[in-house]
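Enquirer: One structure is given below, represented as structure tokens, and several questions about it will come after.
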Amino acid sequence: MKIGFIGTGMMGLPMAKRLLNANYQLVVYNRTKSKAEELLNKGALWANNPKEVAEQSEVVISMISDTGVLKEISISNDGVIKGLSTIHIDMSTVSPEMTLQLYYQYKKHQKNFMHSPVLGSVQNVIEGSLLIFVGGDKEVYEKCEHIFRSLGKKIYFFEDIKKAGYLKLLANQFIATMIISLSQGFIIADKAGISIDTVLDVLSESTLNSAMYQIKGRSIKEGNYTPRFMTKHLLKDINLIIDAACNLNVELPIMKKVQDLFEEAIKKGLAEEDYSSIYKILKKV
Ligand SMILES: NC(=O)c1ccc[n+]([C@@H]2O[C@H](COP(=O)([O-])OP(=O)(O)OC[C@H]3O[C@@H](n4cnc5c(N)ncnc54)[C@H](OP(=O)(O)O)[C@@H]3O)[C@@H](O)[C@H]2O)c1
């Protein structure tokens, strides 16, 4: 099967590589062509815009930064909807409301839009251990299931497209609050003269532990904020969580405070560092 792939950023590039390694033919487009070079060297074809991607492939996958970019690559004059492919699967973290709008807009053109956000980061892509939340029509999902299986270890399917987005956002709500808890724990420990290693050991010996605490805890200890998931993208998700809560009539008072902290991080130049750099904001360094 020939798959179109749009967005070869931090997540998109290894996802596209996985598809190539699984023997799918790929047609790729990325705003910055140099970031797709590795795929082109491995046999992927280049397209000049999303429409051209859709003209040359059976299914188009996108992995782009945010809701505005999704709208642009989907329904602009050079958008996927103007090409020939009948199925567009967006795997980014974007507004559930927008995915529903696109679902209906594609239907008007006798095409199909699915939203399949993922939980897991670059290492999970490499290991094939992403969790994939798929929303859309069942028969379309069944046609594409083999693609999802080559990208992740477990799939959660919903016929209501918005549920896939909501599930992803509620999962990222854990990421946002857990990194604050971890940072606060380290700051208290530091003031009390307790080492980060001791805190991580206590977590690992208790029911409080998580792989995320251990991975991010070690990076914070080393002062290594090389991005795996950028601060600016987590703030984008915090904003989406707050909007989603509003639409669902749920109050999330803690998230507003978390939003303030991440906005401060962006103002202080941490947008493109890993989101664990929020530790520096809390520690005031
Ligand atoms: N990193 C993670 O651990 C992770 C995990 C799960 C989900 N996600 C989600 O996955 C998505 C991608 O994340 P990422 O970490 O791969 O981010 P990233 O490295 O910043 O990649 C963003 C992609 O979007 C493209 N893009 C940005 N602005 C654009 C524009 N105005 N027009 C066209 N293309 C544009 C970028 O193109 P250029 O290369 O030209 O900039 C790049 O291909 C996000 O929605 C993120 O929230 C990330």
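If you're wondering about the labels, chains in the structure tokens are A, B, ... by order shown, residues count from 1 in each chain, ligands from 1 in order shown.
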Counting only C-alpha atoms and all ligand atoms, what are the residues, protein, DNA or RNA alike, that approach ligand 1 to within 8 Å? I want them as an MDAnalysis selection string.

Expert: chainID A and resid 6:13 30:33 35 63:69 72:73 91:94 117:122 227:230 233:234 236:237

Enquirer: Please list as a PDB file with N, CA and C atoms, in the first residue's frame every residue within 12 Å of region 172-177 of chain A, counting only C-alpha atoms and excluding residues in the same chain fewer than 3 positions away.

Expert:
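Result went into result_30.pdb, see below:
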ATOM      1  N   THR A  93      -1.916  15.710  18.156  1.00  0.00           N
ATOM      2  CA  THR A  93      -2.798  16.079  19.271  1.00  0.00           C
ATOM      3  C   THR A  93      -3.430  17.426  18.932  1.00  0.00           C
ATOM      4  N   VAL A  94      -4.703  17.382  18.613  1.00  0.00           N
ATOM      5  CA  VAL A  94      -5.400  18.588  18.134  1.00  0.00           C
ATOM      6  C   VAL A  94      -6.784  18.663  18.776  1.00  0.00           C
ATOM      7  N   PRO A 117      -4.823  10.089  17.626  1.00  0.00           N
ATOM      8  CA  PRO A 117      -3.693  10.564  18.418  1.00  0.00           C
ATOM      9  C   PRO A 117      -3.012   9.400  19.150  1.00  0.00           C
ATOM     10  N   VAL A 118      -1.764   9.654  19.553  1.00  0.00           N
ATOM     11  CA  VAL A 118      -0.979   8.559  20.152  1.00  0.00           C
ATOM     12  C   VAL A 118      -0.488   8.937  21.540  1.00  0.00           C
ATOM     13  N   LEU A 119      -0.345   7.928  22.379  1.00  0.00           N
ATOM     14  CA  LEU A 119       0.285   8.130  23.688  1.00  0.00           C
ATOM     15  C   LEU A 119       1.608   7.382  23.681  1.00  0.00           C
ATOM     16  N   GLY A 120       2.679   8.124  24.005  1.00  0.00           N
ATOM     17  CA  GLY A 120       4.024   7.550  23.940  1.00  0.00           C
ATOM     18  C   GLY A 120       4.888   8.539  23.192  1.00  0.00           C
ATOM     19  N   SER A 121       6.207   8.403  23.362  1.00  0.00           N
ATOM     20  CA  SER A 121       7.096   9.372  22.724  1.00  0.00           C
ATOM     21  C   SER A 121       7.988   8.681  21.697  1.00  0.00           C
ATOM     22  N   GLY A 165      -9.790  12.045  20.654  1.00  0.00           N
ATOM     23  CA  GLY A 165      -9.098  13.266  21.078  1.00  0.00           C
ATOM     24  C   GLY A 165      -9.230  13.515  22.570  1.00  0.00           C
ATOM     25  N   TYR A 166     -10.419  13.274  23.095  1.00  0.00           N
ATOM     26  CA  TYR A 166     -10.615  13.492  24.537  1.00  0.00           C
ATOM     27  C   TYR A 166      -9.739  12.533  25.354  1.00  0.00           C
ATOM     28  N   LEU A 167      -9.650  11.287  24.904  1.00  0.00           N
ATOM     29  CA  LEU A 167      -8.833  10.313  25.643  1.00  0.00           C
ATOM     30  C   LEU A 167      -7.364  10.746  25.648  1.00  0.00           C
ATOM     31  N   LYS A 168      -6.893  11.217  24.491  1.00  0.00           N
ATOM     32  CA  LYS A 168      -5.504  11.689  24.408  1.00  0.00           C
ATOM     33  C   LYS A 168      -5.291  12.886  25.346  1.00  0.00           C
ATOM     34  N   LEU A 169      -6.247  13.808  25.349  1.00  0.00           N
ATOM     35  CA  LEU A 169      -6.079  15.002  26.193  1.00  0.00           C
ATOM     36  C   LEU A 169      -6.114  14.647  27.669  1.00  0.00           C
ATOM     37  N   ILE A 180       4.767  18.387  37.305  1.00  0.00           N
ATOM     38  CA  ILE A 180       4.774  19.411  38.369  1.00  0.00           C
ATOM     39  C   ILE A 180       5.008  18.726  39.719  1.00  0.00           C
ATOM     40  N   SER A 181       4.314  17.612  39.967  1.00  0.00           N
ATOM     41  CA  SER A 181       4.494  16.883  41.246  1.00  0.00           C
ATOM     42  C   SER A 181       5.940  16.439  41.419  1.00  0.00           C
ATOM     43  N   LEU A 182       6.506  15.899  40.340  1.00  0.00           N
ATOM     44  CA  LEU A 182       7.883  15.405  40.416  1.00  0.00           C
ATOM     45  C   LEU A 182       8.838  16.564  40.719  1.00  0.00           C
ATOM     46  N   SER A 183       8.658  17.664  40.010  1.00  0.00           N
ATOM     47  CA  SER A 183       9.534  18.826  40.210  1.00  0.00           C
ATOM     48  C   SER A 183       9.415  19.333  41.649  1.00  0.00           C
ATOM     49  N   GLN A 184       8.176  19.444  42.139  1.00  0.00           N
ATOM     50  CA  GLN A 184       7.971  19.929  43.520  1.00  0.00           C
ATOM     51  C   GLN A 184       8.639  18.994  44.515  1.00  0.00           C
ATOM     52  N   SER A 210       6.270   5.531  38.401  1.00  0.00           N
ATOM     53  CA  SER A 210       5.887   5.447  36.989  1.00  0.00           C
ATOM     54  C   SER A 210       7.162   5.544  36.168  1.00  0.00           C
ATOM     55  N   ALA A 211       7.133   4.952  34.968  1.00  0.00           N
ATOM     56  CA  ALA A 211       8.295   5.024  34.069  1.00  0.00           C
ATOM     57  C   ALA A 211       8.602   6.491  33.766  1.00  0.00           C
ATOM     58  N   MET A 212       7.532   7.281  33.645  1.00  0.00           N
ATOM     59  CA  MET A 212       7.721   8.705  33.342  1.00  0.00           C
ATOM     60  C   MET A 212       8.518   9.382  34.453  1.00  0.00           C
ATOM     61  N   TYR A 213       8.180   9.102  35.726  1.00  0.00           N
ATOM     62  CA  TYR A 213       8.919   9.720  36.832  1.00  0.00           C
ATOM     63  C   TYR A 213      10.407   9.345  36.743  1.00  0.00           C
ATOM     64  N   LYS A 216      12.071  11.051  33.355  1.00  0.00           N
ATOM     65  CA  LYS A 216      12.194  12.514  33.469  1.00  0.00           C
ATOM     66  C   LYS A 216      12.998  12.890  34.716  1.00  0.00           C
ATOM     67  N   PHE A 229       9.566  15.819  23.967  1.00  0.00           N
ATOM     68  CA  PHE A 229       8.231  16.393  23.791  1.00  0.00           C
ATOM     69  C   PHE A 229       8.372  17.836  24.283  1.00  0.00           C
ATOM     70  N   MET A 230       8.219  18.778  23.339  1.00  0.00           N
ATOM     71  CA  MET A 230       8.589  20.158  23.654  1.00  0.00           C
ATOM     72  C   MET A 230       7.581  20.850  24.579  1.00  0.00           C
ATOM     73  N   THR A 231       8.114  21.766  25.396  1.00  0.00           N
ATOM     74  CA  THR A 231       7.287  22.557  26.313  1.00  0.00           C
ATOM     75  C   THR A 231       6.136  23.230  25.564  1.00  0.00           C
ATOM     76  N   HIS A 233       4.553  22.300  22.955  1.00  0.00           N
ATOM     77  CA  HIS A 233       3.483  21.360  22.581  1.00  0.00           C
ATOM     78  C   HIS A 233       2.669  20.950  23.814  1.00  0.00           C
ATOM     79  N   LEU A 234       3.346  20.828  24.969  1.00  0.00           N
ATOM     80  CA  LEU A 234       2.557  20.487  26.168  1.00  0.00           C
ATOM     81  C   LEU A 234       1.654  21.658  26.551  1.00  0.00           C
ATOM     82  N   LEU A 235       2.134  22.904  26.388  1.00  0.00           N
ATOM     83  CA  LEU A 235       1.244  24.044  26.679  1.00  0.00           C
ATOM     84  C   LEU A 235       0.049  24.024  25.715  1.00  0.00           C
ATOM     85  N   LYS A 236       0.315  23.705  24.441  1.00  0.00           N
ATOM     86  CA  LYS A 236      -0.782  23.586  23.469  1.00  0.00           C
ATOM     87  C   LYS A 236      -1.809  22.573  23.968  1.00  0.00           C
ATOM     88  N   ASP A 237      -1.334  21.464  24.522  1.00  0.00           N
ATOM     89  CA  ASP A 237      -2.251  20.421  25.010  1.00  0.00           C
ATOM     90  C   ASP A 237      -2.985  20.864  26.279  1.00  0.00           C
ATOM     91  N   ILE A 238      -2.281  21.597  27.149  1.00  0.00           N
ATOM     92  CA  ILE A 238      -2.933  22.120  28.366  1.00  0.00           C
ATOM     93  C   ILE A 238      -4.086  23.043  27.946  1.00  0.00           C
ATOM     94  N   ASN A 239      -3.833  23.894  26.950  1.00  0.00           N
ATOM     95  CA  ASN A 239      -4.895  24.787  26.453  1.00  0.00           C
ATOM     96  C   ASN A 239      -6.060  23.965  25.888  1.00  0.00           C
ATOM     97  N   LEU A 240      -5.728  22.886  25.164  1.00  0.00           N
ATOM     98  CA  LEU A 240      -6.793  22.029  24.601  1.00  0.00           C
ATOM     99  C   LEU A 240      -7.577  21.324  25.714  1.00  0.00           C
ATOM    100  N   ILE A 241      -6.863  20.924  26.787  1.00  0.00           N
ATOM    101  CA  ILE A 241      -7.526  20.239  27.916  1.00  0.00           C
ATOM    102  C   ILE A 241      -8.519  21.204  28.581  1.00  0.00           C
ATOM    103  N   ILE A 242      -8.075  22.442  28.767  1.00  0.00           N
ATOM    104  CA  ILE A 242      -8.946  23.439  29.417  1.00  0.00           C
ATOM    105  C   ILE A 242     -10.172  23.706  28.536  1.00  0.00           C
ATOM    106  N   ALA A 244     -11.443  21.606  26.343  1.00  0.00           N
ATOM    107  CA  ALA A 244     -12.259  20.379  26.336  1.00  0.00           C
ATOM    108  C   ALA A 244     -13.090  20.308  27.617  1.00  0.00           C
ATOM    109  N   ALA A 245     -12.446  20.648  28.749  1.00  0.00           N
ATOM    110  CA  ALA A 245     -13.159  20.610  30.036  1.00  0.00           C
ATOM    111  C   ALA A 245     -14.333  21.573  30.002  1.00  0.00           C
ATOM    112  N   LEU A 252     -11.591  22.414  36.067  1.00  0.00           N
ATOM    113  CA  LEU A 252     -10.246  21.896  36.341  1.00  0.00           C
ATOM    114  C   LEU A 252      -9.388  23.018  36.932  1.00  0.00           C
ATOM    115  N   PRO A 253      -9.619  23.365  38.202  1.00  0.00           N
ATOM    116  CA  PRO A 253      -8.919  24.522  38.775  1.00  0.00           C
ATOM    117  C   PRO A 253      -7.400  24.379  38.767  1.00  0.00           C
ATOM    118  N   ILE A 254      -6.888  23.159  38.952  1.00  0.00           N
ATOM    119  CA  ILE A 254      -5.426  22.981  38.998  1.00  0.00           C
ATOM    120  C   ILE A 254      -4.807  23.252  37.625  1.00  0.00           C
ATOM    121  N   MET A 255      -5.533  22.886  36.560  1.00  0.00           N
ATOM    122  CA  MET A 255      -4.963  23.058  35.220  1.00  0.00           C
ATOM    123  C   MET A 255      -4.709  24.521  34.892  1.00  0.00           C
ATOM    124  N   LYS A 256      -5.510  25.408  35.445  1.00  0.00           N
ATOM    125  CA  LYS A 256      -5.300  26.852  35.185  1.00  0.00           C
ATOM    126  C   LYS A 256      -3.945  27.286  35.747  1.00  0.00           C
ATOM    127  N   LYS A 257      -3.625  26.779  36.940  1.00  0.00           N
ATOM    128  CA  LYS A 257      -2.338  27.116  37.550  1.00  0.00           C
ATOM    129  C   LYS A 257      -1.190  26.502  36.732  1.00  0.00           C
ATOM    130  N   VAL A 258      -1.418  25.253  36.288  1.00  0.00           N
ATOM    131  CA  VAL A 258      -0.409  24.575  35.458  1.00  0.00           C
ATOM    132  C   VAL A 258      -0.205  25.374  34.159  1.00  0.00           C
ATOM    133  N   GLN A 259      -1.298  25.868  33.600  1.00  0.00           N
ATOM    134  CA  GLN A 259      -1.224  26.687  32.375  1.00  0.00           C
ATOM    135  C   GLN A 259      -0.347  27.927  32.620  1.00  0.00           C
ATOM    136  N   ASP A 260      -0.562  28.609  33.764  1.00  0.00           N
ATOM    137  CA  ASP A 260       0.245  29.802  34.083  1.00  0.00           C
ATOM    138  C   ASP A 260       1.737  29.452  34.113  1.00  0.00           C
ATOM    139  N   LEU A 261       2.056  28.322  34.745  1.00  0.00           N
ATOM    140  CA  LEU A 261       3.463  27.936  34.874  1.00  0.00           C
ATOM    141  C   LEU A 261       4.085  27.660  33.496  1.00  0.00           C
ATOM    142  N   PHE A 262       3.329  26.980  32.640  1.00  0.00           N
ATOM    143  CA  PHE A 262       3.877  26.669  31.309  1.00  0.00           C
ATOM    144  C   PHE A 262       3.950  27.932  30.431  1.00  0.00           C
ATOM    145  N   TYR A 275       9.591  19.302  27.992  1.00  0.00           N
ATOM    146  CA  TYR A 275       8.623  19.870  28.948  1.00  0.00           C
ATOM    147  C   TYR A 275       9.075  19.712  30.401  1.00  0.00           C
ATOM    148  N   SER A 276      10.015  18.782  30.649  1.00  0.00           N
ATOM    149  CA  SER A 276      10.517  18.601  32.021  1.00  0.00           C
ATOM    150  C   SER A 276      11.288  19.836  32.493  1.00  0.00           C
ATOM    151  N   SER A 277      11.615  20.739  31.549  1.00  0.00           N
ATOM    152  CA  SER A 277      12.307  21.980  31.942  1.00  0.00           C
ATOM    153  C   SER A 277      11.408  22.867  32.807  1.00  0.00           C
ATOM    154  N   ILE A 278      10.141  22.504  32.967  1.00  0.00           N
ATOM    155  CA  ILE A 278       9.258  23.241  33.880  1.00  0.00           C
ATOM    156  C   ILE A 278       9.838  23.224  35.304  1.00  0.00           C
ATOM    157  N   TYR A 279      10.671  22.217  35.575  1.00  0.00           N
ATOM    158  CA  TYR A 279      11.389  22.147  36.862  1.00  0.00           C
ATOM    159  C   TYR A 279      12.140  23.453  37.128  1.00  0.00           C
TER     160      TYR A 279
END

Enquirer: Given only C-alpha atoms, how would the per-residue table for region 13-46 of chain A near region 124-146 of chain A read, listing every residue at most 10 Å away with its closest atom pair and distance in Å to one decimal, sorted by chain and number, as a tab-separated table?

Expert:
residue	atom	partner	partner_atom	distance
A:Leu13	CA	A:Val125	CA	9.6
A:Pro14	CA	A:Val125	CA	6.4
A:Met15	CA	A:Val125	CA	6.1
A:Ala16	CA	A:Val125	CA	9.7
A:Lys17	CA	A:Ile126	CA	8.9
A:Arg18	CA	A:Ile126	CA	7.4

Enquirer: Take the residues from that selection and put them in a file with C-alpha atoms, as a PDB file, in the first residue's frame.

Expert:
ATOM      1  CA  LEU A  13      10.068  10.999  11.211  1.00  0.00           C
ATOM      2  CA  PRO A  14      10.442   7.781  13.248  1.00  0.00           C
ATOM      3  CA  MET A  15       6.790   6.873  12.527  1.00  0.00           C
ATOM      4  CA  ALA A  16       7.411   7.232   8.785  1.00  0.00           C
ATOM      5  CA  LYS A  17      10.628   5.201   9.126  1.00  0.00           C
ATOM      6  CA  ARG A  18       8.665   2.424  10.837  1.00  0.00           C
TER       7      ARG A  18
END

Enquirer: Which is closest to Asp78 (chain A) among A:Ile61, A:Leu45, A:Met178, A:Val53, if we use only C-alpha atoms?

Expert: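 Closest residue, counting only C-alpha atoms: A:Val53.
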
Enquirer: Which one of A:Leu203, A:Leu70, A:Ile89, A:Ile3 sits closest to Trp46 (chain A) if you count only C-alpha atoms?

Expert: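 Comparing A:Leu203, A:Leu70, A:Ile89, A:Ile3 against Trp46 (chain A), the winner is A:Ile3.
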
Enquirer: For the structure I just gave you, how does DSSP split region 108-268 of chain A - specifically, which residues are alpha helix (DSSP H)? Reply as a PyMOL selection string.

Expert: chain A and resi 108+122-127+138-151+161-192+196-205+211-222+231-247+253-267

Enquirer: Using DSSP on the backbone, list every residue of region 13-43 of chain A that comes out as strand (DSSP E), and give them as a list in words.

Expert: Gln25, Leu26, Val27, Val28 and Tyr29 of chain A

Enquirer: Using only C-alpha atoms, which residue out of A:Ile266, A:Asn209, A:Val285, A:Glu97 lies closest to Asn247 (chain A)?

Expert: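 Selected residue with least distance to Asn247 (chain A): A:Glu97.
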
Enquirer: From the options A:Gly79, A:Glu58, A:Lys283, A:Tyr156, which residue's atoms come nearest to Lys191 (chain A), counting only C-alpha atoms?

Expert: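 Ranked by minimum distance to Lys191 (chain A), first place goes to A:Lys283.
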
Enquirer: Do you have the CA of Glu273 (chain A)-CA of Glu222 (chain A) distance handy?

Expert: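 Calculated distance between CA of Glu273 (chain A) and CA of Glu222 (chain A) is 14.2 Å.
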
Enquirer: For Ala44 (chain A), find every residue with an atom within 6 Å (counting only C-alpha atoms), except residues of its own chain fewer than 3 positions away, and show them as a ChimeraX atom specification.

Expert: /A:26-27,39-40

Enquirer: Find the distance between CA of Gln123 (chain A) and CA of Tyr225 (chain A) and write it in Å to one decimal.

Expert: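 CA of Tyr225 (chain A) lies 15.7 Å from CA of Gln123 (chain A).
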
Enquirer: Between A:Glu52, A:Glu264, A:Glu251, A:Glu205, which is the closest to Lys284 (chain A) once you count only C-alpha atoms?

Expert: A:Glu264

Enquirer: What lies within 9 Å of Lys82 (chain A) using only C-alpha atoms, ignoring chain neighbours under 4 positions off, as a PyMOL selection string?

Expert: chain A and resi 50-52+54-55+74-78

Enquirer: Write out as a PyMOL selection string which residues come within 6 Å of Tyr24 (chain A) when counting only C-alpha atoms, dropping same-chain ones fewer than 4 positions away.

Expert: chain A and resi 1+19-20

Enquirer: Quote the spacing between CA of Gln101 (chain A) and CA of Phe113 (chain A) in Å to one decimal place.

Expert: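 Going from CA of Gln101 (chain A) over to CA of Phe113 (chain A), I get 9.7 Å.
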